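*Asks:* Sharing a structure, written as structure tokens. Questions coming.
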Amino acid sequence: VDPGKVLRIQGGGSPPRRRRRSNSRRERGLVCSVRAMEASTAMPESLKGLVAAFSAVPDPMMRYKQLLFFAEKLDALGTEHQTPENKVEGCVSQVWVKGFLEQDGTVTYKAESDSQLTKGLAALLVKGLSGATPEAITSLDPSFIEKLGLQQSLTPSRNNGFLNMLLKMQKIAQGLLASTAAGGDAGATPDADANLPMSKKIELVLTREFSPASLEIQDDSASHAGHRPESADGGTHFTVRIVSESFEGMNTIKRHKAIYAVLADCMEPAGTLHALSLSTKTPSEV
């Protein structure tokens, strides 16, 4: 598939599986409460404290000022690490994040940005995730972002950039985890689909996992070749528009998280996929 070509699928795969819904409001409420407790329990202690502190502040402007304070206190990421591979895609401002695996098996993050507000958001994640294990970071549910109460203080593009920072940090943790695998053999077995173009791999995975009513995949890699020469050959940056009933009951953050989760093997460093621009809708939202 040539870079820039749009792949469209209509009604591909078997009919989407409908989720079984409880007839009892009480039962649904209990399920939601249990899930919320599980997500809270899985949250690193530092992040728990930050979520509690931010959610307790009723004034959006005070939260905004706290982010700027975090930005002032953030230890700078050296210019030698401000490279394309450490850059967070999909942010309004330039952001770089790098993770380091410590001897005790925990991760320490450093970040830098050319915007104070974005730097503050990065600092919040650096403070909340540093000191946690790669397993805890990669399994973290992004729903904590809503609990921070920052939506009122940030534009939609900033909120999306914050999610992209988290996903980047989770990808770094996943890479660190893979690098510590016994003998370093994780992923050494060749994939049966290794010779397929990345657009086709994405199509196969998303069709299998979400049985989409429609799916469009566009390779945007060439437009990033200026700052990322390897993108000239395609396979690094894609726009994906998917419509599936599987997204019913999920907010945008969880939908995007689900897409990134099933495409983990396609993402760097295991694959060539560097970044996605996503549109995830249910049939009723089209």
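Residue names in the structure tokens use chain letters A, B, ... in the order shown, residue numbers from 1 in each chain, and ligand numbers from 1 in the order shown.
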Neighbours of Thr138 in chain A within 7 Å (only C-alpha atoms; same-chain residues fewer than 5 positions away dropped), as a PDB file with all heavy atoms, in the first residue's frame?
*Replies:*
ATOM      1  N   GLN A 170       3.629   5.158  28.603  1.00  0.00           N
ATOM      2  CA  GLN A 170       3.306   3.733  28.717  1.00  0.00           C
ATOM      3  C   GLN A 170       4.062   2.930  27.670  1.00  0.00           C
ATOM      4  O   GLN A 170       4.521   1.811  27.943  1.00  0.00           O
ATOM      5  CB  GLN A 170       1.801   3.532  28.569  1.00  0.00           C
ATOM      6  CG  GLN A 170       1.005   4.011  29.778  1.00  0.00           C
ATOM      7  CD  GLN A 170      -0.472   3.741  29.659  1.00  0.00           C
ATOM      8  OE1 GLN A 170      -1.098   4.029  28.640  1.00  0.00           O
ATOM      9  NE2 GLN A 170      -1.062   3.187  30.708  1.00  0.00           N
ATOM     10  N   ALA A 173       7.560   2.508  28.925  1.00  0.00           N
ATOM     11  CA  ALA A 173       7.595   1.484  29.969  1.00  0.00           C
ATOM     12  C   ALA A 173       7.510   0.088  29.364  1.00  0.00           C
ATOM     13  O   ALA A 173       8.189  -0.843  29.816  1.00  0.00           O
ATOM     14  CB  ALA A 173       6.452   1.699  30.954  1.00  0.00           C
ATOM     15  N   GLN A 174       6.685  -0.042  28.337  1.00  0.00           N
ATOM     16  CA  GLN A 174       6.562  -1.338  27.669  1.00  0.00           C
ATOM     17  C   GLN A 174       7.889  -1.738  27.034  1.00  0.00           C
ATOM     18  O   GLN A 174       8.305  -2.901  27.095  1.00  0.00           O
ATOM     19  CB  GLN A 174       5.471  -1.267  26.603  1.00  0.00           C
ATOM     20  CG  GLN A 174       5.176  -2.589  25.922  1.00  0.00           C
ATOM     21  CD  GLN A 174       4.067  -2.466  24.893  1.00  0.00           C
ATOM     22  OE1 GLN A 174       3.921  -1.438  24.245  1.00  0.00           O
ATOM     23  NE2 GLN A 174       3.270  -3.499  24.755  1.00  0.00           N
TER      24      GLN A 174
END
*Asks:* Please provide the set of residues having any atom within 12 Å of His227 in chain A, restricted to only C-alpha atoms, with same-chain residues fewer than 3 positions apart removed, written as a list in words.
*Replies:*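 In the requested form, the answer reads Thr83, Pro84, Glu85, Lys87, Glu89, Ser221, Ala222, Ser223, His224, Glu230, Ser231 and Ala232 of chain A.
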*Asks:* Dump C-alpha atoms for the selected residues as a CSV table (one decimal), in the first residue's frame?
*Replies:*
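Saved file again_8.csv follows:
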chain,number,residue,atom,x,y,z
A,83,THR,CA,15.2,13.7,19.7
A,84,PRO,CA,12.4,12.6,17.3
A,85,GLU,CA,12.2,9.2,19.0
A,87,LYS,CA,9.0,13.4,21.0
A,89,GLU,CA,3.2,13.2,18.7
A,221,SER,CA,4.0,9.2,7.0
A,222,ALA,CA,5.4,11.2,4.1
A,223,SER,CA,4.3,14.5,5.7
A,224,HIS,CA,6.5,13.7,8.7
A,230,GLU,CA,12.6,7.1,8.0
A,231,SER,CA,8.9,8.1,7.5
A,232,ALA,CA,9.6,8.8,3.8
*Asks:* Under the rule that only C-alpha atoms are counted, which of A:Met250, A:Leu50, A:Ile172, A:Val95 is the nearest residue to Ala76 in chain A?
*Replies:* A:Val95
*Asks:* Using only C-alpha atoms for the distances, tell me which of A:Ile217, A:Cys266, A:Ala123, A:Val243 is nearest to Leu196 in chain A.
*Replies:*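 Looking at the shortest contact to Leu196 in chain A, the residue is A:Cys266.
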*Asks:* Looking only at strand (DSSP E) from DSSP on the backbone, list the matching residues of range 43-267 of chain A as an mmCIF file with all heavy atoms, in the first residue's frame.
*Replies:*
data_model
loop_
_atom_site.group_PDB
_atom_site.id
_atom_site.type_symbol
_atom_site.label_atom_id
_atom_site.label_comp_id
_atom_site.auth_asym_id
_atom_site.auth_seq_id
_atom_site.Cartn_x
_atom_site.Cartn_y
_atom_site.Cartn_z
ATOM 1 N N VAL A 95 6.950 18.389 22.886
ATOM 2 C CA VAL A 95 7.170 17.701 24.164
ATOM 3 C C VAL A 95 8.075 16.496 23.920
ATOM 4 O O VAL A 95 7.881 15.759 22.958
ATOM 5 C CB VAL A 95 5.849 17.192 24.792
ATOM 6 C CG1 VAL A 95 6.089 16.758 26.236
ATOM 7 C CG2 VAL A 95 4.766 18.238 24.722
ATOM 8 N N TRP A 96 9.040 16.330 24.797
ATOM 9 C CA TRP A 96 9.922 15.161 24.740
ATOM 10 C C TRP A 96 9.881 14.449 26.087
ATOM 11 O O TRP A 96 9.890 15.085 27.142
ATOM 12 C CB TRP A 96 11.360 15.567 24.434
ATOM 13 C CG TRP A 96 11.541 16.253 23.119
ATOM 14 C CD1 TRP A 96 11.814 15.672 21.909
ATOM 15 C CD2 TRP A 96 11.485 17.667 22.877
ATOM 16 N NE1 TRP A 96 11.929 16.632 20.933
ATOM 17 C CE2 TRP A 96 11.718 17.868 21.495
ATOM 18 C CE3 TRP A 96 11.233 18.776 23.692
ATOM 19 C CZ2 TRP A 96 11.731 19.130 20.912
ATOM 20 C CZ3 TRP A 96 11.241 20.042 23.119
ATOM 21 C CH2 TRP A 96 11.480 20.210 21.750
ATOM 22 N N VAL A 97 9.841 13.125 26.049
ATOM 23 C CA VAL A 97 9.810 12.320 27.274
ATOM 24 C C VAL A 97 10.790 11.163 27.123
ATOM 25 O O VAL A 97 10.863 10.529 26.065
ATOM 26 C CB VAL A 97 8.402 11.754 27.545
ATOM 27 C CG1 VAL A 97 8.422 10.886 28.803
ATOM 28 C CG2 VAL A 97 7.391 12.869 27.701
ATOM 29 N N LYS A 98 11.535 10.897 28.184
ATOM 30 C CA LYS A 98 12.423 9.734 28.183
ATOM 31 C C LYS A 98 12.314 9.028 29.524
ATOM 32 O O LYS A 98 12.189 9.679 30.575
ATOM 33 C CB LYS A 98 13.875 10.146 27.918
ATOM 34 C CG LYS A 98 14.821 8.941 27.761
ATOM 35 C CD LYS A 98 16.176 9.364 27.268
ATOM 36 C CE LYS A 98 17.123 8.155 27.144
ATOM 37 N NZ LYS A 98 16.606 7.149 26.180
ATOM 38 N N GLY A 99 12.349 7.696 29.488
ATOM 39 C CA GLY A 99 12.278 6.909 30.709
ATOM 40 C C GLY A 99 13.575 6.149 30.947
ATOM 41 O O GLY A 99 14.241 5.730 29.994
ATOM 42 N N PHE A 100 13.910 5.992 32.211
ATOM 43 C CA PHE A 100 15.127 5.275 32.595
ATOM 44 C C PHE A 100 14.753 4.182 33.595
ATOM 45 O O PHE A 100 14.025 4.442 34.560
ATOM 46 C CB PHE A 100 16.132 6.231 33.239
ATOM 47 C CG PHE A 100 16.485 7.421 32.391
ATOM 48 C CD1 PHE A 100 15.691 8.568 32.421
ATOM 49 C CD2 PHE A 100 17.593 7.401 31.560
ATOM 50 C CE1 PHE A 100 16.006 9.680 31.649
ATOM 51 C CE2 PHE A 100 17.914 8.506 30.783
ATOM 52 C CZ PHE A 100 17.120 9.642 30.825
ATOM 53 N N LEU A 101 15.248 2.976 33.374
ATOM 54 C CA LEU A 101 14.982 1.868 34.285
ATOM 55 C C LEU A 101 16.022 1.870 35.394
ATOM 56 O O LEU A 101 17.225 1.769 35.137
ATOM 57 C CB LEU A 101 15.009 0.534 33.529
ATOM 58 C CG LEU A 101 14.497 -0.684 34.290
ATOM 59 C CD1 LEU A 101 13.014 -0.524 34.616
ATOM 60 C CD2 LEU A 101 14.728 -1.961 33.489
ATOM 61 N N VAL A 107 10.757 2.827 37.169
ATOM 62 C CA VAL A 107 11.032 3.727 36.049
ATOM 63 C C VAL A 107 11.127 5.168 36.556
ATOM 64 O O VAL A 107 10.334 5.584 37.402
ATOM 65 C CB VAL A 107 9.928 3.632 34.973
ATOM 66 C CG1 VAL A 107 10.229 4.581 33.808
ATOM 67 C CG2 VAL A 107 9.792 2.199 34.464
ATOM 68 N N THR A 108 12.096 5.907 36.050
ATOM 69 C CA THR A 108 12.198 7.339 36.295
ATOM 70 C C THR A 108 12.042 8.059 34.962
ATOM 71 O O THR A 108 12.712 7.697 33.987
ATOM 72 C CB THR A 108 13.547 7.727 36.921
ATOM 73 O OG1 THR A 108 13.665 7.111 38.209
ATOM 74 C CG2 THR A 108 13.669 9.236 37.073
ATOM 75 N N TYR A 109 11.153 9.040 34.935
ATOM 76 C CA TYR A 109 10.918 9.793 33.703
ATOM 77 C C TYR A 109 11.516 11.193 33.807
ATOM 78 O O TYR A 109 11.578 11.793 34.890
ATOM 79 C CB TYR A 109 9.422 9.934 33.424
ATOM 80 C CG TYR A 109 8.739 8.668 32.981
ATOM 81 C CD1 TYR A 109 7.969 7.930 33.859
ATOM 82 C CD2 TYR A 109 8.848 8.226 31.659
ATOM 83 C CE1 TYR A 109 7.329 6.767 33.455
ATOM 84 C CE2 TYR A 109 8.208 7.067 31.240
ATOM 85 C CZ TYR A 109 7.448 6.344 32.142
ATOM 86 O OH TYR A 109 6.815 5.192 31.731
ATOM 87 N N LYS A 110 11.906 11.719 32.661
ATOM 88 C CA LYS A 110 12.264 13.124 32.522
ATOM 89 C C LYS A 110 11.557 13.660 31.286
ATOM 90 O O LYS A 110 11.303 12.912 30.336
ATOM 91 C CB LYS A 110 13.778 13.302 32.410
ATOM 92 C CG LYS A 110 14.525 13.061 33.721
ATOM 93 C CD LYS A 110 15.967 13.543 33.647
ATOM 94 C CE LYS A 110 16.658 13.416 35.009
ATOM 95 N NZ LYS A 110 18.041 13.941 34.966
ATOM 96 N N ALA A 111 11.243 14.956 31.306
ATOM 97 C CA ALA A 111 10.501 15.537 30.196
ATOM 98 C C ALA A 111 10.903 16.985 29.987
ATOM 99 O O ALA A 111 11.477 17.623 30.878
ATOM 100 C CB ALA A 111 8.996 15.431 30.452
ATOM 101 N N GLU A 112 10.564 17.495 28.815
ATOM 102 C CA GLU A 112 10.813 18.899 28.486
ATOM 103 C C GLU A 112 9.793 19.341 27.451
ATOM 104 O O GLU A 112 9.277 18.522 26.672
ATOM 105 C CB GLU A 112 12.236 19.068 27.941
ATOM 106 C CG GLU A 112 12.671 20.513 27.730
ATOM 107 C CD GLU A 112 12.553 21.345 28.988
ATOM 108 O OE1 GLU A 112 13.468 21.289 29.838
ATOM 109 O OE2 GLU A 112 11.529 22.051 29.122
ATOM 110 N N SER A 113 9.463 20.626 27.466
ATOM 111 C CA SER A 113 8.524 21.191 26.499
ATOM 112 C C SER A 113 8.857 22.662 26.280
ATOM 113 O O SER A 113 9.450 23.319 27.141
ATOM 114 C CB SER A 113 7.082 21.049 26.982
ATOM 115 O OG SER A 113 6.176 21.680 26.083
ATOM 116 N N SER A 214 -17.329 0.318 9.644
ATOM 117 C CA SER A 214 -16.518 0.959 8.608
ATOM 118 C C SER A 214 -15.135 1.246 9.183
ATOM 119 O O SER A 214 -14.984 1.447 10.396
ATOM 120 C CB SER A 214 -17.167 2.245 8.103
ATOM 121 O OG SER A 214 -17.179 3.239 9.103
ATOM 122 N N LEU A 215 -14.150 1.257 8.294
ATOM 123 C CA LEU A 215 -12.769 1.458 8.724
ATOM 124 C C LEU A 215 -11.999 2.148 7.609
ATOM 125 O O LEU A 215 -12.005 1.687 6.469
ATOM 126 C CB LEU A 215 -12.115 0.118 9.057
ATOM 127 C CG LEU A 215 -10.618 0.127 9.428
ATOM 128 C CD1 LEU A 215 -10.382 0.931 10.701
ATOM 129 C CD2 LEU A 215 -10.105 -1.301 9.598
ATOM 130 N N GLU A 216 -11.373 3.280 7.922
ATOM 131 C CA GLU A 216 -10.526 3.996 6.970
ATOM 132 C C GLU A 216 -9.136 4.141 7.574
ATOM 133 O O GLU A 216 -8.994 4.559 8.729
ATOM 134 C CB GLU A 216 -11.080 5.389 6.663
ATOM 135 C CG GLU A 216 -12.421 5.376 5.955
ATOM 136 C CD GLU A 216 -12.884 6.778 5.610
ATOM 137 O OE1 GLU A 216 -12.042 7.710 5.675
ATOM 138 O OE2 GLU A 216 -14.076 6.954 5.299
ATOM 139 N N ILE A 217 -8.131 3.790 6.786
ATOM 140 C CA ILE A 217 -6.751 3.870 7.246
ATOM 141 C C ILE A 217 -5.951 4.662 6.227
ATOM 142 O O ILE A 217 -5.899 4.288 5.047
ATOM 143 C CB ILE A 217 -6.140 2.463 7.420
ATOM 144 C CG1 ILE A 217 -6.963 1.637 8.419
ATOM 145 C CG2 ILE A 217 -4.684 2.560 7.877
ATOM 146 C CD1 ILE A 217 -6.573 0.183 8.476
ATOM 147 N N GLN A 218 -5.355 5.745 6.670
ATOM 148 C CA GLN A 218 -4.585 6.601 5.762
ATOM 149 C C GLN A 218 -3.160 6.736 6.264
ATOM 150 O O GLN A 218 -2.931 7.093 7.427
ATOM 151 C CB GLN A 218 -5.234 7.981 5.650
ATOM 152 C CG GLN A 218 -4.459 8.946 4.759
ATOM 153 C CD GLN A 218 -5.184 10.258 4.554
ATOM 154 O OE1 GLN A 218 -6.416 10.286 4.488
ATOM 155 N NE2 GLN A 218 -4.447 11.350 4.469
ATOM 156 N N ASP A 219 -2.203 6.469 5.386
ATOM 157 C CA ASP A 219 -0.786 6.590 5.729
ATOM 158 C C ASP A 219 -0.343 8.042 5.538
ATOM 159 O O ASP A 219 -0.296 8.541 4.418
ATOM 160 C CB ASP A 219 0.038 5.655 4.832
ATOM 161 C CG ASP A 219 1.470 5.503 5.327
ATOM 162 O OD1 ASP A 219 1.960 6.430 5.999
ATOM 163 O OD2 ASP A 219 2.091 4.462 5.045
ATOM 164 N N HIS A 237 3.222 6.812 10.503
ATOM 165 C CA HIS A 237 2.142 7.684 10.974
ATOM 166 C C HIS A 237 0.857 7.403 10.182
ATOM 167 O O HIS A 237 0.886 7.379 8.947
ATOM 168 C CB HIS A 237 2.508 9.165 10.811
ATOM 169 C CG HIS A 237 3.672 9.605 11.627
ATOM 170 N ND1 HIS A 237 4.973 9.234 11.338
ATOM 171 C CD2 HIS A 237 3.742 10.396 12.734
ATOM 172 C CE1 HIS A 237 5.794 9.791 12.222
ATOM 173 N NE2 HIS A 237 5.080 10.495 13.083
ATOM 174 N N PHE A 238 -0.237 7.209 10.909
ATOM 175 C CA PHE A 238 -1.499 6.887 10.238
ATOM 176 C C PHE A 238 -2.664 7.656 10.850
ATOM 177 O O PHE A 238 -2.670 7.961 12.054
ATOM 178 C CB PHE A 238 -1.815 5.380 10.361
ATOM 179 C CG PHE A 238 -0.924 4.502 9.537
ATOM 180 C CD1 PHE A 238 0.297 4.072 10.027
ATOM 181 C CD2 PHE A 238 -1.304 4.092 8.263
ATOM 182 C CE1 PHE A 238 1.125 3.260 9.274
ATOM 183 C CE2 PHE A 238 -0.484 3.279 7.499
ATOM 184 C CZ PHE A 238 0.731 2.864 8.001
ATOM 185 N N THR A 239 -3.644 7.962 10.011
ATOM 186 C CA THR A 239 -4.948 8.426 10.463
ATOM 187 C C THR A 239 -5.905 7.249 10.352
ATOM 188 O O THR A 239 -5.989 6.620 9.290
ATOM 189 C CB THR A 239 -5.468 9.594 9.608
ATOM 190 O OG1 THR A 239 -4.631 10.728 9.811
ATOM 191 C CG2 THR A 239 -6.894 9.965 10.008
ATOM 192 N N VAL A 240 -6.585 6.934 11.445
ATOM 193 C CA VAL A 240 -7.521 5.808 11.463
ATOM 194 C C VAL A 240 -8.905 6.319 11.867
ATOM 195 O O VAL A 240 -9.050 6.960 12.910
ATOM 196 C CB VAL A 240 -7.068 4.707 12.450
ATOM 197 C CG1 VAL A 240 -8.124 3.602 12.541
ATOM 198 C CG2 VAL A 240 -5.733 4.121 12.017
ATOM 199 N N ARG A 241 -9.889 6.049 11.023
ATOM 200 C CA ARG A 241 -11.278 6.378 11.339
ATOM 201 C C ARG A 241 -12.052 5.064 11.390
ATOM 202 O O ARG A 241 -12.139 4.351 10.391
ATOM 203 C CB ARG A 241 -11.871 7.306 10.280
ATOM 204 C CG ARG A 241 -11.107 8.616 10.108
ATOM 205 C CD ARG A 241 -11.721 9.496 9.017
ATOM 206 N NE ARG A 241 -10.931 10.708 8.808
ATOM 207 C CZ ARG A 241 -9.913 10.794 7.968
ATOM 208 N NH1 ARG A 241 -9.552 9.727 7.255
ATOM 209 N NH2 ARG A 241 -9.254 11.936 7.833
ATOM 210 N N ILE A 242 -12.590 4.767 12.555
ATOM 211 C CA ILE A 242 -13.244 3.480 12.749
ATOM 212 C C ILE A 242 -14.604 3.672 13.411
ATOM 213 O O ILE A 242 -14.752 4.478 14.339
ATOM 214 C CB ILE A 242 -12.355 2.529 13.593
ATOM 215 C CG1 ILE A 242 -13.044 1.185 13.809
ATOM 216 C CG2 ILE A 242 -11.933 3.164 14.897
ATOM 217 C CD1 ILE A 242 -12.140 0.131 14.457
ATOM 218 N N VAL A 243 -15.592 2.941 12.921
ATOM 219 C CA VAL A 243 -16.942 2.951 13.483
ATOM 220 C C VAL A 243 -17.260 1.528 13.933
ATOM 221 O O VAL A 243 -17.199 0.591 13.126
ATOM 222 C CB VAL A 243 -17.987 3.419 12.451
ATOM 223 C CG1 VAL A 243 -19.392 3.374 13.048
ATOM 224 C CG2 VAL A 243 -17.666 4.826 11.969
#
*Asks:* List the spatial neighbours of Ala56 in chain A as a PDB file with all heavy atoms, in the first residue's frame - criterion: any atom at most 10 Å away, only C-alpha atoms, same-chain residues fewer than 6 positions off excluded.
*Replies:*
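File out_4.pdb, as written:
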ATOM      1  N   LEU A  50      -1.623  12.842  43.702  1.00  0.00           N
ATOM      2  CA  LEU A  50      -1.852  13.972  42.806  1.00  0.00           C
ATOM      3  C   LEU A  50      -3.312  14.063  42.385  1.00  0.00           C
ATOM      4  O   LEU A  50      -3.890  15.157  42.328  1.00  0.00           O
ATOM      5  CB  LEU A  50      -0.956  13.844  41.570  1.00  0.00           C
ATOM      6  CG  LEU A  50       0.543  14.070  41.810  1.00  0.00           C
ATOM      7  CD1 LEU A  50       1.341  13.680  40.581  1.00  0.00           C
ATOM      8  CD2 LEU A  50       0.811  15.522  42.174  1.00  0.00           C
ATOM      9  N   ARG A  63      -6.106  25.035  39.700  1.00  0.00           N
ATOM     10  CA  ARG A  63      -5.473  23.853  39.099  1.00  0.00           C
ATOM     11  C   ARG A  63      -4.494  24.283  38.006  1.00  0.00           C
ATOM     12  O   ARG A  63      -3.403  23.725  37.866  1.00  0.00           O
ATOM     13  CB  ARG A  63      -6.540  22.920  38.518  1.00  0.00           C
ATOM     14  CG  ARG A  63      -7.527  22.373  39.519  1.00  0.00           C
ATOM     15  CD  ARG A  63      -8.353  21.266  38.880  1.00  0.00           C
ATOM     16  NE  ARG A  63      -9.510  20.939  39.701  1.00  0.00           N
ATOM     17  CZ  ARG A  63     -10.756  21.225  39.377  1.00  0.00           C
ATOM     18  NH1 ARG A  63     -11.017  21.820  38.230  1.00  0.00           N
ATOM     19  NH2 ARG A  63     -11.754  20.899  40.175  1.00  0.00           N
ATOM     20  N   LYS A 147     -10.549  12.278  36.554  1.00  0.00           N
ATOM     21  CA  LYS A 147     -10.637  12.577  37.986  1.00  0.00           C
ATOM     22  C   LYS A 147      -9.782  13.776  38.374  1.00  0.00           C
ATOM     23  O   LYS A 147     -10.020  14.402  39.408  1.00  0.00           O
ATOM     24  CB  LYS A 147     -10.209  11.352  38.795  1.00  0.00           C
ATOM     25  CG  LYS A 147     -11.078  10.123  38.564  1.00  0.00           C
ATOM     26  CD  LYS A 147     -10.532   8.911  39.304  1.00  0.00           C
ATOM     27  CE  LYS A 147     -11.317   7.659  38.989  1.00  0.00           C
ATOM     28  NZ  LYS A 147     -10.732   6.458  39.631  1.00  0.00           N
ATOM     29  N   LEU A 148      -8.780  14.107  37.552  1.00  0.00           N
ATOM     30  CA  LEU A 148      -7.936  15.260  37.848  1.00  0.00           C
ATOM     31  C   LEU A 148      -8.722  16.568  37.737  1.00  0.00           C
ATOM     32  O   LEU A 148      -8.339  17.570  38.333  1.00  0.00           O
ATOM     33  CB  LEU A 148      -6.741  15.301  36.891  1.00  0.00           C
ATOM     34  CG  LEU A 148      -5.629  14.274  37.131  1.00  0.00           C
ATOM     35  CD1 LEU A 148      -4.694  14.225  35.928  1.00  0.00           C
ATOM     36  CD2 LEU A 148      -4.850  14.614  38.401  1.00  0.00           C
ATOM     37  N   GLY A 149      -9.811  16.545  36.954  1.00  0.00           N
ATOM     38  CA  GLY A 149     -10.649  17.737  36.816  1.00  0.00           C
ATOM     39  C   GLY A 149     -10.010  18.849  36.010  1.00  0.00           C
ATOM     40  O   GLY A 149     -10.300  20.029  36.239  1.00  0.00           O
TER      41      GLY A 149
END
*Asks:* For the structure I just gave you, how does DSSP split range 74-269 of chain A - specifically, which residues are helix (DSSP H, G or I)? Reply as a ChimeraX atom specification.
*Replies:* /A:79-81,84-86,116-129,134-138,144-147,151-153,156-179,182-184,198-210,221-224,229-233,245-247,252-262,264-266
*Asks:* Go through A:Thr79, A:Thr252, A:Thr207, A:Ser246 one by one, measure the shortest atom-to-atom distance of each to Pro156 in chain A using only C-alpha atoms, and give the residue with the smallest value.
*Replies:* A:Thr252
*Asks:* Tell me which protein, DNA and RNA residues are within 10 Å of Pro60 in chain A, counting only C-alpha atoms, leaving out same-chain ones fewer than 6 positions away, and put them as a PyMOL selection string.
*Replies:* chain A and resi 54+66+149-154
*Asks:* Please write the residues from the selection above to a file, keeping N, CA and C atoms, as a compact mmCIF listing (two decimals), in the first residue's frame.
*Replies:*
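See out_34.txt below for the written result:
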# COMPACT_ATOMS: atom_id res chain seq x y z
N PHE A 54 -5.64 17.30 43.18
CA PHE A 54 -6.26 18.10 42.13
C PHE A 54 -7.79 18.04 42.19
N GLN A 66 -1.38 25.54 39.50
CA GLN A 66 -0.58 24.45 40.05
C GLN A 66 0.25 23.78 38.95
N GLY A 149 -9.81 16.55 36.95
CA GLY A 149 -10.65 17.74 36.82
C GLY A 149 -10.01 18.85 36.01
N LEU A 150 -9.15 18.49 35.05
CA LEU A 150 -8.45 19.51 34.27
C LEU A 150 -9.18 19.91 32.99
N GLN A 151 -10.26 19.19 32.66
CA GLN A 151 -10.94 19.47 31.39
C GLN A 151 -11.36 20.93 31.26
N GLN A 152 -11.85 21.51 32.38
CA GLN A 152 -12.32 22.89 32.34
C GLN A 152 -11.17 23.88 32.15
N SER A 153 -9.97 23.47 32.52
CA SER A 153 -8.82 24.37 32.45
C SER A 153 -8.07 24.27 31.12
N LEU A 154 -8.37 23.23 30.34
CA LEU A 154 -7.60 22.97 29.13
C LEU A 154 -8.49 22.95 27.89
*Asks:* Ranking A:Gly90, A:Gly105, A:Pro229, A:Gly235 by minimum distance to Met267 in chain A and counting only C-alpha atoms, which one comes first?
*Replies:*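 Checking each candidate against Met267 in chain A, we get A:Gly235 as the closest.
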*Asks:* Write out as JSON, numbers by chain the residues lying within 12 Å of Val205 in chain A, counting only C-alpha atoms and excluding same-chain residues fewer than 2 positions away.
*Replies:* {"A": [13, 193, 198, 199, 200, 201, 202, 203, 207, 208, 209, 210, 211, 212, 215, 258, 259, 260, 261, 262, 263, 264, 265, 266]}
*Asks:* What gap, in Å, lies between CA of Ser277 in chain A and CA of Leu163 in chain A?
*Replies:*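 One can read the CA of Ser277 in chain A to CA of Leu163 in chain A distance as 12.2 Å.
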